[in-house]
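**Q** Contents of query_15.txt (compact mmCIF, C-alpha atoms):
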```txt
# COMPACT_ATOMS: atom_id res chain seq x y z
CA MET V 278 -28.06 -3.12 11.25
CA ASP V 279 -30.60 -0.54 10.03
CA LYS V 280 -30.88 -0.39 6.24
CA ILE V 281 -29.99 3.21 5.48
CA PHE V 282 -29.11 3.20 1.78
CA ASN V 283 -32.65 3.55 0.40
CA ASN V 284 -33.08 7.14 1.57
CA THR V 285 -33.02 8.98 -1.76
CA GLU V 286 -33.87 12.37 -0.23
CA VAL V 287 -30.53 12.30 1.61
CA ALA V 288 -28.70 10.65 -1.30
CA PHE V 289 -29.61 13.31 -3.87
CA SER V 290 -30.05 16.32 -1.61
CA LEU V 291 -27.38 18.29 -3.52
CA LYS V 292 -28.81 17.58 -6.99
CA THR V 293 -31.15 20.03 -8.68
CA ASP V 294 -34.07 18.61 -10.66
CA THR V 295 -32.10 19.26 -13.86
CA GLU V 296 -29.04 17.41 -12.55
CA LEU V 297 -31.28 14.54 -11.45
CA ASP V 298 -32.79 14.31 -14.94
CA ARG V 299 -29.32 14.38 -16.55
CA ALA V 300 -28.09 11.59 -14.26
CA TYR V 301 -31.15 9.48 -15.10
CA PHE V 302 -30.60 10.02 -18.84
CA LEU V 303 -26.90 9.18 -18.52
CA PHE V 304 -27.39 5.90 -16.66
CA LYS V 305 -30.18 4.99 -19.08
CA MET V 306 -27.63 5.31 -21.89
CA ILE V 307 -24.95 3.39 -19.96
CA ALA V 308 -27.42 0.56 -19.34
CA SER V 309 -27.19 -0.32 -23.04
CA GLU V 310 -24.03 -2.30 -23.75
CA PRO V 311 -24.19 -1.82 -27.56
CA LEU V 312 -24.69 1.91 -27.04
CA VAL V 313 -21.66 2.11 -24.74
CA ARG V 314 -19.54 0.18 -27.25
CA ILE V 315 -20.61 2.41 -30.17
CA GLY V 316 -20.32 5.58 -28.07
CA THR V 317 -16.82 4.63 -26.95
CA ALA V 318 -15.65 3.96 -30.51
CA VAL V 319 -17.18 7.21 -31.83
CA THR V 320 -15.74 9.26 -28.94
CA ASN V 321 -12.26 7.80 -29.40
CA PHE V 322 -12.40 8.51 -33.12
CA ALA V 323 -13.66 12.07 -32.60
CA ILE V 324 -10.90 12.86 -30.11
CA LYS V 325 -8.13 11.36 -32.25
CA ALA V 326 -9.49 13.25 -35.27
CA HIS V 327 -9.58 16.44 -33.17
CA LEU V 328 -13.27 16.97 -33.84
CA PRO V 329 -14.97 19.61 -31.64
CA VAL V 330 -16.72 17.21 -29.23
CA GLU V 331 -15.33 18.45 -25.92
CA GLY V 332 -18.33 20.67 -25.24
CA LEU V 333 -20.75 17.77 -25.62
CA ILE V 334 -18.60 15.47 -23.46
CA ARG V 335 -18.21 18.20 -20.85
CA ALA V 336 -21.95 18.83 -20.62
CA THR V 337 -22.84 15.16 -20.16
CA VAL V 338 -20.56 12.38 -18.95
CA PHE V 339 -17.62 14.60 -17.86
CA ASP V 340 -19.57 16.88 -15.52
CA HIS V 341 -21.35 13.89 -13.99
CA PHE V 342 -18.20 11.87 -13.18
CA CYS V 343 -15.55 14.63 -12.83
CA GLY V 344 -15.02 17.67 -10.65
CA GLY V 345 -13.52 19.90 -13.36
CA THR V 346 -10.56 20.33 -15.69
CA THR V 347 -8.26 21.75 -12.98
CA GLU V 348 -7.83 21.28 -9.26
CA VAL V 349 -9.20 24.79 -8.67
CA ASP V 350 -12.32 23.91 -10.71
CA CYS V 351 -13.02 21.14 -8.19
CA LEU V 352 -13.13 23.34 -5.10
CA SER V 353 -16.76 24.41 -5.49
CA VAL V 354 -17.76 20.72 -5.74
CA VAL V 355 -15.53 19.89 -2.75
CA ASP V 356 -17.13 22.59 -0.61
CA LYS V 357 -20.65 21.66 -1.71
CA MET V 358 -20.23 17.96 -0.84
CA TYR V 359 -18.64 18.80 2.49
CA THR V 360 -21.79 20.65 3.57
CA LYS V 361 -23.27 17.12 3.79
CA GLY V 362 -20.22 15.65 5.52
CA VAL V 363 -18.82 13.97 2.39
CA SER V 364 -15.09 14.58 1.89
CA SER V 365 -13.18 14.57 -1.41
CA VAL V 366 -10.06 12.95 -2.83
CA LEU V 367 -8.74 15.07 -5.72
CA ASP V 368 -7.74 12.55 -8.37
CA TYR V 369 -5.66 13.80 -11.31
CA SER V 370 -7.06 11.21 -13.72
CA VAL V 371 -4.57 11.52 -16.55
CA GLU V 372 -3.06 8.14 -17.45
CA GLY V 373 -1.25 6.24 -20.18
CA LYS V 374 1.49 8.86 -20.66
CA GLU V 375 4.96 7.93 -21.91
CA GLU V 376 7.21 10.97 -21.59
CA GLU V 377 9.39 12.22 -18.75
CA ALA V 378 7.97 15.75 -18.94
CA GLN V 379 4.45 14.31 -18.50
CA PHE V 380 5.56 12.28 -15.47
CA ASP V 381 7.16 15.35 -13.90
CA ALA V 382 3.95 17.29 -14.54
CA ALA V 383 1.97 14.57 -12.75
CA LEU V 384 4.45 14.71 -9.86
CA ASN V 385 3.97 18.46 -9.52
CA MET V 386 0.19 18.16 -9.74
CA THR V 387 0.17 15.48 -7.03
CA LEU V 388 2.31 17.68 -4.76
CA LYS V 389 -0.20 20.47 -5.34
CA THR V 390 -3.06 18.18 -4.24
CA VAL V 391 -1.07 17.28 -1.11
CA ASP V 392 -0.97 21.01 -0.34
CA PHE V 393 -4.72 21.25 -0.96
CA ALA V 394 -5.30 18.35 1.43
CA LYS V 395 -3.11 19.99 4.08
CA GLU V 396 -5.07 23.25 3.81
CA ARG V 397 -8.62 21.86 3.66
CA GLN V 398 -10.35 19.58 6.13
CA ALA V 399 -12.71 18.56 3.31
CA ILE V 400 -9.79 16.85 1.49
CA PRO V 401 -8.41 14.18 3.85
CA PHE V 402 -6.32 12.26 1.28
CA ALA V 403 -4.10 12.85 -1.72
CA VAL V 404 -3.81 10.21 -4.45
CA PHE V 405 -1.79 9.24 -7.51
CA LYS V 406 -1.51 6.42 -10.06
CA PRO V 407 1.84 4.64 -10.47
CA THR V 408 1.60 4.98 -14.27
CA GLY V 409 1.25 8.72 -13.78
CA LEU V 410 4.91 8.67 -12.70
CA GLY V 411 6.42 6.10 -15.08
CA ARG V 412 5.86 3.89 -18.12
CA ILE V 413 3.78 0.76 -17.66
CA ALA V 414 6.28 -1.29 -19.72
CA LEU V 415 9.05 -0.26 -17.33
CA TYR V 416 7.04 -1.36 -14.28
CA GLU V 417 6.38 -4.66 -16.02
CA LYS V 418 10.07 -5.24 -16.77
CA VAL V 419 11.11 -4.38 -13.20
CA GLY V 420 8.38 -6.63 -11.79
CA LEU V 421 9.55 -9.56 -13.92
CA LYS V 422 13.12 -9.00 -12.60
CA HIS V 423 14.41 -8.64 -16.15
CA PRO V 424 17.75 -6.81 -16.45
CA LEU V 425 17.44 -3.13 -17.29
CA THR V 426 19.61 -1.20 -19.71
CA ALA V 427 21.59 1.71 -18.28
CA ASN V 428 18.98 4.15 -19.63
CA GLU V 429 16.12 2.09 -18.19
CA GLN V 430 17.85 1.94 -14.79
CA SER V 431 18.16 5.73 -14.80
CA GLU V 432 14.53 5.99 -15.82
CA TRP V 433 13.47 3.63 -13.00
CA ASN V 434 15.56 5.59 -10.50
CA ARG V 435 13.57 8.69 -11.49
CA VAL V 436 10.28 6.80 -10.93
CA CYS V 437 11.48 5.78 -7.45
CA GLU V 438 12.54 9.36 -6.75
CA ARG V 439 9.10 10.69 -7.74
CA PHE V 440 7.44 8.20 -5.40
CA ASP V 441 9.74 9.22 -2.58
CA ILE V 442 9.27 12.95 -3.09
CA ILE V 443 5.48 12.60 -2.88
CA CYS V 444 5.50 10.21 0.09
CA LYS V 445 8.09 12.26 2.00
CA THR V 446 6.04 15.42 1.41
CA ALA V 447 2.81 13.70 2.51
CA HIS V 448 4.54 12.46 5.67
CA ALA V 449 5.99 15.89 6.46
CA LYS V 450 2.57 17.51 6.04
CA ASP V 451 0.68 14.68 7.80
CA VAL V 452 -1.52 14.02 4.75
CA ALA V 453 -2.68 10.45 4.09
CA LEU V 454 -1.75 9.29 0.59
CA LEU V 455 -3.61 6.73 -1.53
CA ILE V 456 -1.64 4.98 -4.30
CA ASP V 457 -3.91 3.33 -6.84
CA ALA V 458 -3.53 -0.19 -8.24
CA GLU V 459 -3.53 -0.84 -11.97
CA GLU V 460 -2.98 -3.80 -14.33
CA SER V 461 -1.66 -6.99 -12.73
CA TRP V 462 1.36 -7.18 -15.05
CA MET V 463 2.79 -3.92 -13.71
CA GLN V 464 1.59 -4.27 -10.12
CA ASP V 465 4.46 -6.32 -8.61
CA ALA V 466 6.95 -3.50 -9.16
CA ALA V 467 4.48 -0.93 -7.85
CA ASP V 468 3.72 -3.06 -4.78
CA ASP V 469 7.41 -3.37 -3.92
CA LEU V 470 7.88 0.36 -4.29
CA VAL V 471 4.83 1.24 -2.18
CA GLU V 472 5.93 -1.23 0.51
CA GLU V 473 9.30 0.51 0.68
CA MET V 474 7.47 3.83 1.12
CA MET V 475 5.40 2.31 3.96
CA ARG V 476 8.61 1.08 5.57
CA ARG V 477 10.04 4.62 5.46
CA TYR V 478 7.00 6.75 6.25
CA ASN V 479 4.48 4.59 8.16
CA LYS V 480 6.52 4.27 11.36
CA GLU V 481 4.05 6.16 13.58
CA LYS V 482 0.79 5.52 11.69
CA ALA V 483 -0.50 4.77 8.20
CA ILE V 484 0.34 7.69 5.89
CA VAL V 485 1.05 5.73 2.68
CA PHE V 486 -1.80 3.49 1.46
CA ASN V 487 -1.45 0.86 -1.24
CA THR V 488 -4.50 -0.51 -3.10
CA LEU V 489 -5.63 -4.12 -3.32
CA GLN V 490 -7.94 -5.13 -6.18
CA MET V 491 -9.83 -8.00 -4.57
CA TYR V 492 -11.08 -9.45 -7.86
CA ARG V 493 -7.54 -10.87 -7.93
CA TRP V 494 -7.55 -14.22 -6.11
CA ASP V 495 -3.97 -13.74 -4.80
CA ARG V 496 -4.49 -10.46 -2.96
CA LEU V 497 -5.62 -11.80 0.42
CA ASP V 498 -2.44 -13.89 0.69
CA TYR V 499 -0.42 -10.84 -0.33
CA LEU V 500 -2.06 -8.81 2.46
CA LYS V 501 -1.26 -11.48 5.06
CA GLN V 502 2.35 -11.72 3.91
CA LEU V 503 2.69 -7.93 3.96
CA HIS V 504 1.33 -7.94 7.50
CA GLN V 505 4.06 -10.38 8.57
CA ARG V 506 6.74 -8.13 7.08
CA ALA V 507 5.16 -5.07 8.71
CA GLN V 508 5.23 -6.77 12.09
CA ALA V 509 8.86 -7.76 11.63
CA ASP V 510 9.97 -4.34 10.41
CA GLY V 511 7.73 -2.18 12.61
CA PHE V 512 5.58 -0.24 10.16
CA TYR V 513 1.85 0.38 9.83
CA ILE V 514 -0.22 -0.75 6.85
CA GLY V 515 -2.56 1.59 5.02
CA MET V 516 -4.71 -0.15 2.42
CA LYS V 517 -7.46 0.85 0.06
CA LEU V 518 -9.61 -2.17 -0.76
CA VAL V 519 -11.50 -2.21 -4.07
CA ARG V 520 -12.95 -4.94 -6.23
CA GLY V 521 -11.13 -3.80 -9.39
CA ALA V 522 -11.62 -2.04 -12.71
CA TYR V 523 -9.68 -3.94 -15.39
CA MET V 524 -11.47 -7.30 -15.42
CA GLU V 525 -12.10 -7.73 -19.16
CA LYS V 526 -8.60 -6.55 -20.03
CA GLU V 527 -7.07 -8.96 -17.46
CA ASN V 528 -9.07 -11.97 -18.67
CA ASP V 529 -8.38 -11.22 -22.35
CA ARG V 530 -4.64 -10.89 -21.78
CA ALA V 531 -4.43 -14.11 -19.73
CA GLN V 532 -6.27 -15.96 -22.48
CA GLN V 533 -4.03 -14.57 -25.21
CA MET V 534 -0.91 -15.58 -23.27
CA GLY V 535 -2.24 -19.01 -22.31
CA GLN V 536 -1.98 -18.19 -18.60
CA GLN V 537 -4.32 -18.62 -15.66
CA SER V 538 -6.41 -15.49 -15.19
CA PRO V 539 -5.49 -13.48 -12.10
CA ILE V 540 -9.21 -12.74 -11.67
CA CYS V 541 -11.53 -14.67 -9.32
CA PRO V 542 -13.75 -17.17 -11.18
CA SER V 543 -17.02 -15.46 -10.21
CA LYS V 544 -18.57 -12.30 -8.79
CA ALA V 545 -19.45 -14.26 -5.62
CA ALA V 546 -15.80 -15.30 -5.19
CA THR V 547 -14.71 -11.68 -5.61
CA ASP V 548 -17.26 -10.55 -2.99
CA ASP V 549 -16.04 -13.22 -0.56
CA ASN V 550 -12.43 -12.20 -1.17
CA TYR V 551 -13.24 -8.53 -0.60
CA ASN V 552 -15.13 -9.19 2.61
CA ALA V 553 -12.37 -11.51 3.88
CA ALA V 554 -9.80 -8.75 3.37
CA VAL V 555 -11.97 -6.26 5.27
CA ASP V 556 -12.39 -8.81 8.06
CA TYR V 557 -8.62 -9.45 8.24
CA MET V 558 -7.83 -5.73 8.39
CA MET V 559 -10.43 -5.12 11.07
CA GLU V 560 -8.93 -7.93 13.16
CA HIS V 561 -5.61 -6.10 13.01
CA ILE V 562 -6.89 -2.51 13.01
CA ASP V 563 -4.43 -1.60 15.79
CA ARG V 564 -1.65 -1.64 13.14
CA MET V 565 -3.69 -0.93 10.02
CA ALA V 566 -5.91 1.72 8.41
CA ILE V 567 -8.56 0.87 5.84
CA PHE V 568 -10.10 2.83 2.99
CA ALA V 569 -13.02 0.66 1.89
CA GLY V 570 -13.59 1.67 -1.71
CA THR V 571 -16.86 0.01 -2.59
CA HIS V 572 -20.19 0.58 -4.33
CA ASN V 573 -21.53 -2.61 -2.78
CA GLU V 574 -24.18 -2.04 -0.13
CA GLU V 575 -23.74 -5.43 1.50
CA SER V 576 -19.98 -4.91 1.96
CA SER V 577 -20.67 -1.48 3.44
CA TYR V 578 -23.15 -2.93 5.94
CA LYS V 579 -20.66 -5.66 6.88
CA LEU V 580 -17.98 -3.09 7.70
CA MET V 581 -20.49 -1.02 9.70
CA GLU V 582 -21.43 -4.15 11.65
CA MET V 583 -17.77 -5.00 12.32
CA MET V 584 -17.16 -1.49 13.66
CA ALA V 585 -20.18 -1.75 15.96
CA ALA V 586 -19.19 -5.23 17.17
CA ARG V 587 -15.72 -3.95 18.11
CA GLY V 588 -17.11 -0.87 19.83
CA LEU V 589 -15.33 1.47 17.39
CA ALA V 590 -16.57 5.01 16.88
CA LYS V 591 -18.24 5.68 13.52
CA SER V 592 -15.71 8.49 13.05
CA ASP V 593 -12.64 6.33 13.86
CA SER V 594 -9.88 7.96 11.80
CA ARG V 595 -8.45 4.56 10.73
CA ILE V 596 -11.61 3.58 8.84
CA TRP V 597 -12.93 5.34 5.74
CA PHE V 598 -15.60 4.47 3.19
CA GLY V 599 -15.05 5.64 -0.38
CA GLN V 600 -17.02 5.86 -3.60
CA LEU V 601 -16.47 7.48 -6.98
CA TYR V 602 -17.99 10.86 -7.74
CA GLY V 603 -21.18 10.43 -9.76
CA MET V 604 -21.90 6.94 -8.44
CA SER V 605 -23.54 5.38 -5.37
CA ASP V 606 -24.61 8.65 -3.77
CA ASN V 607 -27.11 6.59 -1.77
CA ILE V 608 -24.17 4.98 0.03
CA SER V 609 -21.94 8.05 0.39
CA TYR V 610 -24.45 10.60 1.64
CA ASN V 611 -26.36 8.26 3.91
CA LEU V 612 -23.14 7.02 5.53
CA ALA V 613 -22.05 10.62 6.10
CA ALA V 614 -25.47 11.52 7.51
CA HIS V 615 -24.97 8.74 10.08
CA GLY V 616 -21.54 9.99 11.13
CA TYR V 617 -19.15 7.70 9.21
CA ASN V 618 -15.98 8.89 7.46
CA VAL V 619 -16.76 9.08 3.73
CA ALA V 620 -14.73 10.40 0.81
CA LYS V 621 -15.60 10.62 -2.86
CA TYR V 622 -12.88 10.22 -5.49
CA LEU V 623 -13.17 13.44 -7.48
CA PRO V 624 -11.38 13.05 -10.84
CA PHE V 625 -10.13 16.09 -12.75
CA GLY V 626 -7.97 16.91 -15.75
CA PRO V 627 -8.26 18.08 -19.37
CA VAL V 628 -11.32 16.53 -21.02
CA ARG V 629 -9.32 14.66 -23.66
CA ASP V 630 -6.83 13.28 -21.14
CA VAL V 631 -9.55 12.06 -18.77
CA MET V 632 -11.42 10.13 -21.49
CA PRO V 633 -9.77 6.74 -20.68
CA TYR V 634 -11.08 7.12 -17.12
CA LEU V 635 -14.59 8.05 -18.30
CA ILE V 636 -14.75 5.18 -20.77
CA ARG V 637 -13.75 2.78 -17.99
CA ARG V 638 -16.54 4.13 -15.78
CA ALA V 639 -19.10 3.60 -18.55
CA GLU V 640 -17.85 0.08 -19.25
CA GLU V 641 -17.76 -0.78 -15.55
CA ASN V 642 -21.37 0.33 -15.05
CA THR V 643 -22.41 -1.70 -18.08
CA SER V 644 -20.58 -4.88 -17.05
CA VAL V 645 -21.25 -4.96 -13.29
CA ALA V 646 -24.53 -6.78 -12.79
CA GLY V 647 -27.13 -4.61 -11.10
CA GLN V 648 -24.98 -1.45 -10.71
CA THR V 649 -26.71 0.63 -13.38
CA SER V 650 -30.21 -0.68 -12.65
CA ARG V 651 -29.70 0.20 -8.96
CA GLU V 652 -28.65 3.74 -9.89
CA LEU V 653 -31.64 4.10 -12.23
CA ASN V 654 -34.12 2.82 -9.63
CA LEU V 655 -32.81 5.24 -6.99
CA LEU V 656 -32.92 8.19 -9.39
CA LYS V 657 -36.43 7.23 -10.49
CA THR V 658 -37.58 6.97 -6.86
CA GLU V 659 -36.23 10.41 -6.05
CA ARG V 660 -37.79 12.00 -9.15
CA GLN V 661 -41.17 10.55 -8.16
CA ARG V 662 -40.73 11.67 -4.54
CA ARG V 663 -40.07 15.24 -5.65
CA LYS V 664 -43.09 15.26 -7.96
CA LEU V 665 -45.33 14.15 -5.07
CA ASP V 666 -43.85 16.86 -2.83
CA LYS V 667 -44.69 19.64 -5.29
```
Using structure tokens, write down the structure from this file.
**A**
Amino acid sequence: MDKIFNNTEVAFSLKTDTELDRAYFLFKMIASEPLVRIGTAVTNFAIKAHLPVEGLIRATVFDHFCGGTTEVDCLSVVDKMYTKGVSSVLDYSVEGKEEEAQFDAALNMTLKTVDFAKERQAIPFAVFKPTGLGRIALYEKVGLKHPLTANEQSEWNRVCERFDIICKTAHAKDVALLIDAEESWMQDAADDLVEEMMRRYNKEKAIVFNTLQMYRWDRLDYLKQLHQRAQADGFYIGMKLVRGAYMEKENDRAQQMGQQSPICPSKAATDDNYNAAVDYMMEHIDRMAIFAGTHNEESSYKLMEMMAARGLAKSDSRIWFGQLYGMSDNISYNLAAHGYNVAKYLPFGPVRDVMPYLIRRAEENTSVAGQTSRELNLLKTERQRRKLDK
């Protein structure tokens, strides 16, 4: 397999020199763990104290990792990326809400993004987070099979109804729908709910996609068991595969509770688990569809090789590669340039509400070995290339 991910001219073709310099500065900052820790604490304090920091956040980390504050804001970014064959997934990245009015607002926003996806070829998927539609504590209680009070049962019924409204609308409009995974302690309830949506709406093909975080050592077995149920009940499986974004939180909680961590014991074990899930899905691609959400070059090459070995077209509609906006452009744009299906997650929302997402991105880049240094090296290479061209 040709190594295509080092082509920085293709990777950063949409970035101006100024944007390239800003990205380099940003990843240089993120490379420092103490700086990220201090910056996170200061930012959280400033937002809670209602200090006027939104302009600074908007001009730096927000504009690099987000498409805008509204879905309409994102459209210029969507159109720009699509000129290079890279699609977008509009991701309303507001999380951690607790009130019914906020959950209904997230429902309406998700339905709006389904409409956007129906209208624009550049937006092939809609997406939502389970905790955008209900309280995390409620998911946890349902997942543990603890009895609910009458009020909690009514509340859970509304969560189920929101799921169904979105999935039914996506099915009616033939828009693929990604449902994100979150913390392990709320995921059982979400998994059961998403499986029920697959059973209802994935009869002809995969419309509803769940997400597997493969840093969890139990996820491959879950996938195989889900496949058995899908075969028995006659529905297709749509699955987004990611490594995961809550590792430190998961390990800390397991330690505090005296439980075994749900996280694989090493990065190598996580990589093996991820690749095994891709392999399993590709073996059963006749009844599955895969959204490979990864910033890992080796995993991307492996999937490309599997497609070639099976004689599948690069543009096979059942197979998508995905990365986050502002990261791994060397993977996204080079894959698209070679004819593969690629979509960037494009987060949006009010600056203050999107801060938990942005902080997680900064922490992830700091903690994942090699991620930030790889970004910096690519940016540095492209800056030097442009200087030599002038």
**Q** Quick one: pull the distance between CA of Lys591 (chain V) and CA of Leu503 (chain V), Å, one decimal.
**A**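 Separation between CA of Lys591 (chain V) and CA of Leu503 (chain V): 26.7 Å.
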**Q** Residues of region 367-395 of chain V within 8 Å of region 446-463 of chain V: nearest atom pair and distance (Å, one decimal) for each, counting only C-alpha atoms, sorted by chain and number, as a tab-separated table?
**A**
```
residue	atom	partner	partner_atom	distance
V:Leu388	CA	V:Thr446	CA	7.6
V:Val391	CA	V:Ala447	CA	6.4
V:Ala394	CA	V:Val452	CA	6.6
V:Lys395	CA	V:Val452	CA	6.2
```
**Q** Would you give me, as CSV, each residue of region 377-406 of chain V having an atom within 12 Å of an atom of region 610-619 of chain V, along with its shortest atom pair and that distance in Å to one decimal, using only C-alpha atoms and sorting by chain and residue number?
**A**
```
residue,atom,partner,partner_atom,distance
V:Ala399,CA,V:Val619,CA,10.3
V:Ile400,CA,V:Val619,CA,10.7
V:Pro401,CA,V:Val619,CA,9.8
V:Phe402,CA,V:Val619,CA,11.2
```
**Q** When you count only C-alpha atoms, which of these residues is closest to Thr547 (chain V): V:Leu497, V:Ile315, V:Ala569, V:Met559?
**A**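 Once distances to Thr547 (chain V) are computed over only C-alpha atoms, the minimum belongs to V:Leu497.
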**Q** What separation in Å, quoted to one decimal, exists between CA of Ser577 (chain V) and CA of Ala308 (chain V)?
**A**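 Between these atoms lies a distance of 23.8 Å.
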**Q** Work out how far apart CA of Phe393 (chain V) and CA of Arg335 (chain V) are and give it in Å to one decimal.
**A** 24.2 Å
**Q** Using all atoms listed in the file, pick whichever of V:Ala483, V:Trp433, V:Leu518, V:Asp298 has the shortest atom-to-atom distance to Arg412 (chain V).
**A**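 For Arg412 (chain V), the nearest of the given residues is V:Trp433.
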**Q** What would the list of residues within 7 Å of (-9.3, 5.2, 8.8) (file frame) look like as a tab-separated table (two decimals) with C-alpha atoms, in the frame of the given file, if only C-alpha atoms are what count?
**A**
```tsv
chain	number	residue	atom	x	y	z
V	566	ALA	CA	-5.91	1.72	8.41
V	567	ILE	CA	-8.56	0.87	5.84
V	568	PHE	CA	-10.10	2.83	2.99
V	593	ASP	CA	-12.64	6.33	13.86
V	594	SER	CA	-9.88	7.96	11.80
V	595	ARG	CA	-8.45	4.56	10.73
V	596	ILE	CA	-11.61	3.58	8.84
V	597	TRP	CA	-12.93	5.34	5.74
```
**Q** Give the answer as one residue: which of V:Gln536, V:Gln508, V:Met584, V:Gln648 has the shortest atom-to-atom distance to Thr571 (chain V), using all atoms listed in the file?
**A** V:Gln648
**Q** Any chance you could tabulate, as a Markdown table, the residues of region 396-493 of chain V at most 9 Å from region 537-541 of chain V with each one's nearest atom pair and distance in Å to one decimal, using all atoms listed in the file, in chain and rising number order?
**A**
```
| residue | atom | partner | partner_atom | distance |
| --- | --- | --- | --- | --- |
| V:Ser461 | CA | V:Pro539 | CA | 7.6 |
| V:Met491 | CA | V:Cys541 | CA | 8.4 |
| V:Tyr492 | CA | V:Ile540 | CA | 5.4 |
| V:Arg493 | CA | V:Ile540 | CA | 4.5 |
```
**Q** Save the residues we just selected, C-alpha atoms, as a PDB file, in the frame of the given file?
**A**
```pdb
ATOM      1  CA  SER V 461      -1.660  -6.990 -12.730  1.00  0.00           C
ATOM      2  CA  MET V 491      -9.830  -8.000  -4.570  1.00  0.00           C
ATOM      3  CA  TYR V 492     -11.080  -9.450  -7.860  1.00  0.00           C
ATOM      4  CA  ARG V 493      -7.540 -10.870  -7.930  1.00  0.00           C
TER       5      ARG V 493
END
```
**Q** Measuring between all atoms listed in the file, which one of V:Met565, V:Ala467, V:Ala323, V:Ala553 shows the shortest distance to Gly511 (chain V)?
**A** V:Met565
**Q** Pull the neighbourhood of (-25.7, 14.2, -13.7) for me: all residues within 10 Å in file coordinates, counting all atoms listed in the file, as number ranges by chain.
**A** V: 292-304, 336-342, 603-604
**Q** Residues near Gln464 (chain V), anyone? I mean within 9 Å using all atoms listed in the file, not counting same-chain ones fewer than 5 positions away, as a list in words.
**A**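 What passes the distance filter is Pro407, Tyr416, Glu417, Gly420, Ala458, Glu459 and Asp469 of chain V.
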**Q** Would you mind completing region 417-433 of chain V to N, CA and C atoms and writing the output as a PDB file, keeping the file's coordinate frame?
**A**
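Wrote result.pdb, looks like this:
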```pdb
ATOM      1  N   GLU V 417       6.503  -3.236 -15.703  1.00  0.00           N
ATOM      2  CA  GLU V 417       6.380  -4.660 -16.020  1.00  0.00           C
ATOM      3  C   GLU V 417       7.765  -5.326 -16.049  1.00  0.00           C
ATOM      4  N   LYS V 418       8.724  -4.677 -16.672  1.00  0.00           N
ATOM      5  CA  LYS V 418      10.070  -5.240 -16.770  1.00  0.00           C
ATOM      6  C   LYS V 418      10.720  -5.369 -15.407  1.00  0.00           C
ATOM      7  N   VAL V 419      10.557  -4.345 -14.567  1.00  0.00           N
ATOM      8  CA  VAL V 419      11.110  -4.380 -13.200  1.00  0.00           C
ATOM      9  C   VAL V 419      10.449  -5.495 -12.386  1.00  0.00           C
ATOM     10  N   GLY V 420       9.118  -5.624 -12.531  1.00  0.00           N
ATOM     11  CA  GLY V 420       8.380  -6.630 -11.790  1.00  0.00           C
ATOM     12  C   GLY V 420       8.774  -8.049 -12.170  1.00  0.00           C
ATOM     13  N   LEU V 421       9.125  -8.243 -13.436  1.00  0.00           N
ATOM     14  CA  LEU V 421       9.550  -9.560 -13.920  1.00  0.00           C
ATOM     15  C   LEU V 421      11.016  -9.847 -13.583  1.00  0.00           C
ATOM     16  N   LYS V 422      11.692  -8.864 -12.971  1.00  0.00           N
ATOM     17  CA  LYS V 422      13.120  -9.000 -12.600  1.00  0.00           C
ATOM     18  C   LYS V 422      14.013  -9.162 -13.825  1.00  0.00           C
ATOM     19  N   HIS V 423      13.573  -8.605 -14.950  1.00  0.00           N
ATOM     20  CA  HIS V 423      14.410  -8.640 -16.150  1.00  0.00           C
ATOM     21  C   HIS V 423      15.491  -7.568 -16.034  1.00  0.00           C
ATOM     22  N   PRO V 424      16.679  -7.826 -16.536  1.00  0.00           N
ATOM     23  CA  PRO V 424      17.750  -6.810 -16.450  1.00  0.00           C
ATOM     24  C   PRO V 424      17.380  -5.552 -17.227  1.00  0.00           C
ATOM     25  N   LEU V 425      17.731  -4.424 -16.651  1.00  0.00           N
ATOM     26  CA  LEU V 425      17.440  -3.130 -17.290  1.00  0.00           C
ATOM     27  C   LEU V 425      18.689  -2.618 -17.985  1.00  0.00           C
ATOM     28  N   THR V 426      18.485  -1.909 -19.079  1.00  0.00           N
ATOM     29  CA  THR V 426      19.610  -1.200 -19.710  1.00  0.00           C
ATOM     30  C   THR V 426      20.006  -0.038 -18.809  1.00  0.00           C
ATOM     31  N   ALA V 427      21.128   0.565 -19.088  1.00  0.00           N
ATOM     32  CA  ALA V 427      21.590   1.710 -18.280  1.00  0.00           C
ATOM     33  C   ALA V 427      20.558   2.844 -18.322  1.00  0.00           C
ATOM     34  N   ASN V 428      19.992   3.087 -19.510  1.00  0.00           N
ATOM     35  CA  ASN V 428      18.980   4.150 -19.630  1.00  0.00           C
ATOM     36  C   ASN V 428      17.720   3.803 -18.852  1.00  0.00           C
ATOM     37  N   GLU V 429      17.318   2.517 -18.930  1.00  0.00           N
ATOM     38  CA  GLU V 429      16.120   2.090 -18.190  1.00  0.00           C
ATOM     39  C   GLU V 429      16.346   2.173 -16.689  1.00  0.00           C
ATOM     40  N   GLN V 430      17.555   1.843 -16.233  1.00  0.00           N
ATOM     41  CA  GLN V 430      17.850   1.940 -14.790  1.00  0.00           C
ATOM     42  C   GLN V 430      17.760   3.392 -14.329  1.00  0.00           C
ATOM     43  N   SER V 431      18.274   4.293 -15.132  1.00  0.00           N
ATOM     44  CA  SER V 431      18.160   5.730 -14.800  1.00  0.00           C
ATOM     45  C   SER V 431      16.703   6.168 -14.769  1.00  0.00           C
ATOM     46  N   GLU V 432      15.956   5.659 -15.745  1.00  0.00           N
ATOM     47  CA  GLU V 432      14.530   5.990 -15.820  1.00  0.00           C
ATOM     48  C   GLU V 432      13.791   5.454 -14.576  1.00  0.00           C
ATOM     49  N   TRP V 433      14.108   4.210 -14.184  1.00  0.00           N
ATOM     50  CA  TRP V 433      13.470   3.630 -13.000  1.00  0.00           C
ATOM     51  C   TRP V 433      13.874   4.378 -11.729  1.00  0.00           C
TER      52      TRP V 433
END
```
